[in-house]
Amino acid sequence: MLALAGSLAGGFFGLAVGVPVPVIGSVVGALLFGGLGALAGAVAGERWKGRTLDDSLRVGEAAFWSRLLGTLGKTLAGALMIGVLLASAYF
């Protein structure tokens with residue numbers, strides 16, 4: 001739950017931080033900071049449960065990559081669906 005909360009908070013923070021960069025800054029900021037928020041939340045949750053820092057960081061790293069690669073995969077699947085839709089509409 002803390003990884004999810006950290007991911008949401010990090011995503012909103014990254015959205016605000018990335019705004020000054022034109023076109024893709026807010027998207028990249030939201031993705032990057034969302035992953036970092038998931039990492040921080042997972043580490044905090046694991047430390048709260050009494051795990052060592054090394055174990056907590058390992059879980060946090062998995063949460064970071066899961067958030068980042070999961071979002072990338074969903075984006076690619078959505079782009080593929082749009083491509084199929086456009087191809088069927090024009091051909």
# chains A, B, ... in the order shown; residues from 1 in each chain; ligands from 1
call {"tool": "residues_around", "arguments": {"residues": "Ala9 (chain A)", "least_positions_apart": "4", "cutoff": "9 Å", "atoms": "only C-alpha atoms", "output": "number ranges by chain"}}
result
A: 4-5, 13-14, 33-34, 37-38
call {"tool": "closest_residue", "arguments": {"among": "A:Leu2, A:Leu69, A:Val23, A:Ala79", "to": "Gly41 (chain A)", "atoms": "only C-alpha atoms"}}
result
A:Leu2
call {"tool": "residues_around", "arguments": {"residues": "Asp55 (chain A)", "least_positions_apart": "3", "cutoff": "12 Å", "atoms": "only C-alpha atoms", "output": "short mmCIF file (atom, residue, chain, number, x, y, z; two decimals) with C-alpha atoms, in the first residue's frame"}}
result
data_model
loop_
_atom_site.label_atom_id
_atom_site.label_comp_id
_atom_site.auth_asym_id
_atom_site.auth_seq_id
_atom_site.Cartn_x
_atom_site.Cartn_y
_atom_site.Cartn_z
CA ALA A 42 8.17 0.02 -0.78
CA VAL A 43 11.35 0.68 1.19
CA ALA A 44 9.37 2.46 3.92
CA GLY A 45 6.87 -0.39 4.10
CA GLU A 46 9.56 -3.05 4.30
CA ARG A 47 11.48 -1.12 6.97
CA LYS A 49 7.85 -4.50 8.87
CA GLY A 50 11.34 -4.82 10.38
CA ARG A 51 13.32 -5.93 7.34
CA THR A 52 16.95 -4.95 6.86
CA ARG A 58 15.90 -4.87 -3.12
CA VAL A 59 12.11 -4.79 -2.81
CA GLY A 60 12.09 -1.06 -3.57
CA GLU A 61 14.17 -1.58 -6.70
CA ALA A 62 11.70 -4.21 -7.89
#
call {"tool": "closest_residue", "arguments": {"among": "A:Met1, A:Trp48, A:Leu15, A:Tyr90", "to": "Val27 (chain A)", "atoms": "only C-alpha atoms"}}
result
A:Leu15
call {"tool": "closest_residue", "arguments": {"among": "A:Leu53, A:Leu36, A:Ala77, A:Val21", "to": "Leu8 (chain A)", "atoms": "only C-alpha atoms"}}
result
A:Leu36
call {"tool": "atom_distance", "arguments": {"atom1": "CA of Pro22 (chain A)", "atom2": "CA of Ala63 (chain A)"}}
result
28.3 Å
call {"tool": "residues_around", "arguments": {"residues": "Ala16 (chain A)", "least_positions_apart": "3", "cutoff": "10 Å", "atoms": "only C-alpha atoms", "output": "ChimeraX atom specification"}}
result
/A:10-13,19-20,25-27,29-30
call {"tool": "write_last_selection", "arguments": {"atoms": "N, CA and C atoms", "output": "PDB file, in the first residue's frame"}}
result
ATOM      1  N   GLY A  10       4.509  10.549  -5.996  1.00  0.00           N
ATOM      2  CA  GLY A  10       5.644  10.825  -6.874  1.00  0.00           C
ATOM      3  C   GLY A  10       5.204  11.210  -8.272  1.00  0.00           C
ATOM      4  N   GLY A  11       4.156  10.567  -8.771  1.00  0.00           N
ATOM      5  CA  GLY A  11       3.641  10.903 -10.098  1.00  0.00           C
ATOM      6  C   GLY A  11       3.125  12.331 -10.171  1.00  0.00           C
ATOM      7  N   PHE A  12       2.373  12.739  -9.143  1.00  0.00           N
ATOM      8  CA  PHE A  12       1.868  14.121  -9.125  1.00  0.00           C
ATOM      9  C   PHE A  12       3.007  15.120  -8.980  1.00  0.00           C
ATOM     10  N   PHE A  13       3.996  14.785  -8.148  1.00  0.00           N
ATOM     11  CA  PHE A  13       5.143  15.671  -7.975  1.00  0.00           C
ATOM     12  C   PHE A  13       5.934  15.768  -9.275  1.00  0.00           C
ATOM     13  N   VAL A  19       6.841  20.145 -15.867  1.00  0.00           N
ATOM     14  CA  VAL A  19       6.097  21.125 -16.670  1.00  0.00           C
ATOM     15  C   VAL A  19       7.003  22.108 -17.413  1.00  0.00           C
ATOM     16  N   PRO A  20       8.091  22.610 -16.832  1.00  0.00           N
ATOM     17  CA  PRO A  20       8.912  23.570 -17.580  1.00  0.00           C
ATOM     18  C   PRO A  20       9.560  23.005 -18.847  1.00  0.00           C
ATOM     19  N   GLY A  25       8.110  16.786 -21.035  1.00  0.00           N
ATOM     20  CA  GLY A  25       8.677  16.934 -19.694  1.00  0.00           C
ATOM     21  C   GLY A  25       7.762  16.436 -18.594  1.00  0.00           C
ATOM     22  N   SER A  26       6.484  16.784 -18.660  1.00  0.00           N
ATOM     23  CA  SER A  26       5.567  16.369 -17.605  1.00  0.00           C
ATOM     24  C   SER A  26       5.324  14.863 -17.640  1.00  0.00           C
ATOM     25  N   VAL A  27       5.312  14.266 -18.825  1.00  0.00           N
ATOM     26  CA  VAL A  27       5.109  12.814 -18.925  1.00  0.00           C
ATOM     27  C   VAL A  27       6.315  12.075 -18.355  1.00  0.00           C
ATOM     28  N   GLY A  29       8.569  13.248 -16.313  1.00  0.00           N
ATOM     29  CA  GLY A  29       8.646  13.533 -14.881  1.00  0.00           C
ATOM     30  C   GLY A  29       7.682  12.689 -14.086  1.00  0.00           C
ATOM     31  N   ALA A  30       6.456  12.556 -14.571  1.00  0.00           N
ATOM     32  CA  ALA A  30       5.471  11.747 -13.856  1.00  0.00           C
ATOM     33  C   ALA A  30       5.880  10.283 -13.820  1.00  0.00           C
TER      34      ALA A  30
END
call {"tool": "closest_residue", "arguments": {"among": "A:Ser56, A:Thr75, A:Ser7, A:Ser88", "to": "Leu32 (chain A)", "atoms": "only C-alpha atoms"}}
result
A:Ser7
call {"tool": "atom_distance", "arguments": {"atom1": "CA of Lys74 (chain A)", "atom2": "CA of Val17 (chain A)"}}
result
23.1 Å
call {"tool": "select_by_dssp", "arguments": {"residues": "region 15-80 of chain A", "states": "alpha helix (DSSP H)", "output": "number ranges by chain"}}
result
A: 15-18, 25-48, 53-80
call {"tool": "atom_distance", "arguments": {"atom1": "CA of Leu57 (chain A)", "atom2": "CA of Gly35 (chain A)"}}
result
13.4 Å
call {"tool": "decode", "arguments": {"residues": "chain A", "atoms": "C-alpha atoms", "output": "tab-separated table (two decimals), in the first residue's frame"}}
result
chain	number	residue	atom	x	y	z
A	1	MET	CA	0.00	0.00	0.00
A	2	LEU	CA	2.85	2.38	0.73
A	3	ALA	CA	4.39	1.70	-2.69
A	4	LEU	CA	1.06	2.60	-4.31
A	5	ALA	CA	0.73	5.77	-2.22
A	6	GLY	CA	4.34	6.72	-2.96
A	7	SER	CA	3.81	6.09	-6.65
A	8	LEU	CA	0.77	8.37	-6.75
A	9	ALA	CA	2.48	11.12	-4.77
A	10	GLY	CA	5.64	10.82	-6.87
A	11	GLY	CA	3.64	10.90	-10.10
A	12	PHE	CA	1.87	14.12	-9.13
A	13	PHE	CA	5.14	15.67	-7.97
A	14	GLY	CA	6.90	14.62	-11.19
A	15	LEU	CA	4.08	16.06	-13.24
A	16	ALA	CA	4.62	19.45	-11.60
A	17	VAL	CA	8.42	19.25	-11.85
A	18	GLY	CA	8.40	18.31	-15.52
A	19	VAL	CA	6.10	21.12	-16.67
A	20	PRO	CA	8.91	23.57	-17.58
A	21	VAL	CA	10.32	21.09	-20.14
A	22	PRO	CA	8.31	21.44	-23.35
A	23	VAL	CA	6.19	18.65	-24.83
A	24	ILE	CA	7.29	15.52	-22.94
A	25	GLY	CA	8.68	16.93	-19.69
A	26	SER	CA	5.57	16.37	-17.60
A	27	VAL	CA	5.11	12.81	-18.92
A	28	VAL	CA	8.72	11.82	-18.28
A	29	GLY	CA	8.65	13.53	-14.88
A	30	ALA	CA	5.47	11.75	-13.86
A	31	LEU	CA	6.85	8.36	-14.95
A	32	LEU	CA	10.24	8.80	-13.33
A	33	PHE	CA	8.99	10.26	-10.07
A	34	GLY	CA	6.14	7.73	-9.97
A	35	GLY	CA	8.77	4.99	-10.04
A	36	LEU	CA	10.86	6.73	-7.42
A	37	GLY	CA	7.77	7.15	-5.24
A	38	ALA	CA	7.04	3.43	-5.55
A	39	LEU	CA	10.62	2.72	-4.54
A	40	ALA	CA	10.42	5.00	-1.51
A	41	GLY	CA	7.05	3.63	-0.45
A	42	ALA	CA	8.17	0.02	-0.78
A	43	VAL	CA	11.35	0.68	1.19
A	44	ALA	CA	9.37	2.46	3.92
A	45	GLY	CA	6.87	-0.39	4.10
A	46	GLU	CA	9.56	-3.05	4.30
A	47	ARG	CA	11.48	-1.12	6.97
A	48	TRP	CA	8.23	-0.71	8.90
A	49	LYS	CA	7.85	-4.50	8.87
A	50	GLY	CA	11.34	-4.82	10.38
A	51	ARG	CA	13.32	-5.93	7.34
A	52	THR	CA	16.95	-4.95	6.86
A	53	LEU	CA	17.85	-1.97	4.69
A	54	ASP	CA	19.45	-4.23	2.07
A	55	ASP	CA	16.32	-6.36	1.75
A	56	SER	CA	14.13	-3.25	1.72
A	57	LEU	CA	16.16	-1.68	-1.07
A	58	ARG	CA	15.90	-4.87	-3.12
A	59	VAL	CA	12.11	-4.79	-2.81
A	60	GLY	CA	12.09	-1.06	-3.57
A	61	GLU	CA	14.17	-1.58	-6.70
A	62	ALA	CA	11.70	-4.21	-7.89
A	63	ALA	CA	8.82	-1.80	-7.24
A	64	PHE	CA	10.63	0.93	-9.23
A	65	TRP	CA	11.24	-1.27	-12.27
A	66	SER	CA	7.79	-2.81	-12.08
A	67	ARG	CA	6.15	0.60	-12.10
A	68	LEU	CA	8.33	1.88	-14.93
A	69	LEU	CA	8.18	-1.19	-17.19
A	70	GLY	CA	4.50	-1.80	-16.47
A	71	THR	CA	3.62	1.71	-17.55
A	72	LEU	CA	5.79	1.38	-20.64
A	73	GLY	CA	4.13	-1.91	-21.55
A	74	LYS	CA	0.65	-0.46	-21.15
A	75	THR	CA	1.61	2.56	-23.26
A	76	LEU	CA	2.97	0.34	-26.03
A	77	ALA	CA	-0.14	-1.86	-25.96
A	78	GLY	CA	-2.35	1.24	-26.23
A	79	ALA	CA	-0.28	2.59	-29.12
A	80	LEU	CA	-0.58	-0.78	-30.88
A	81	MET	CA	-4.36	-0.72	-30.44
A	82	ILE	CA	-4.54	2.78	-31.90
A	83	GLY	CA	-2.36	1.66	-34.82
A	84	VAL	CA	-4.62	-1.32	-35.52
A	85	LEU	CA	-7.70	0.91	-35.31
A	86	LEU	CA	-6.23	3.47	-37.71
A	87	ALA	CA	-5.05	0.75	-40.10
A	88	SER	CA	-8.50	-0.84	-40.19
A	89	ALA	CA	-10.17	2.53	-40.70
A	90	TYR	CA	-7.99	3.57	-43.64
A	91	PHE	CA	-7.25	0.26	-45.40
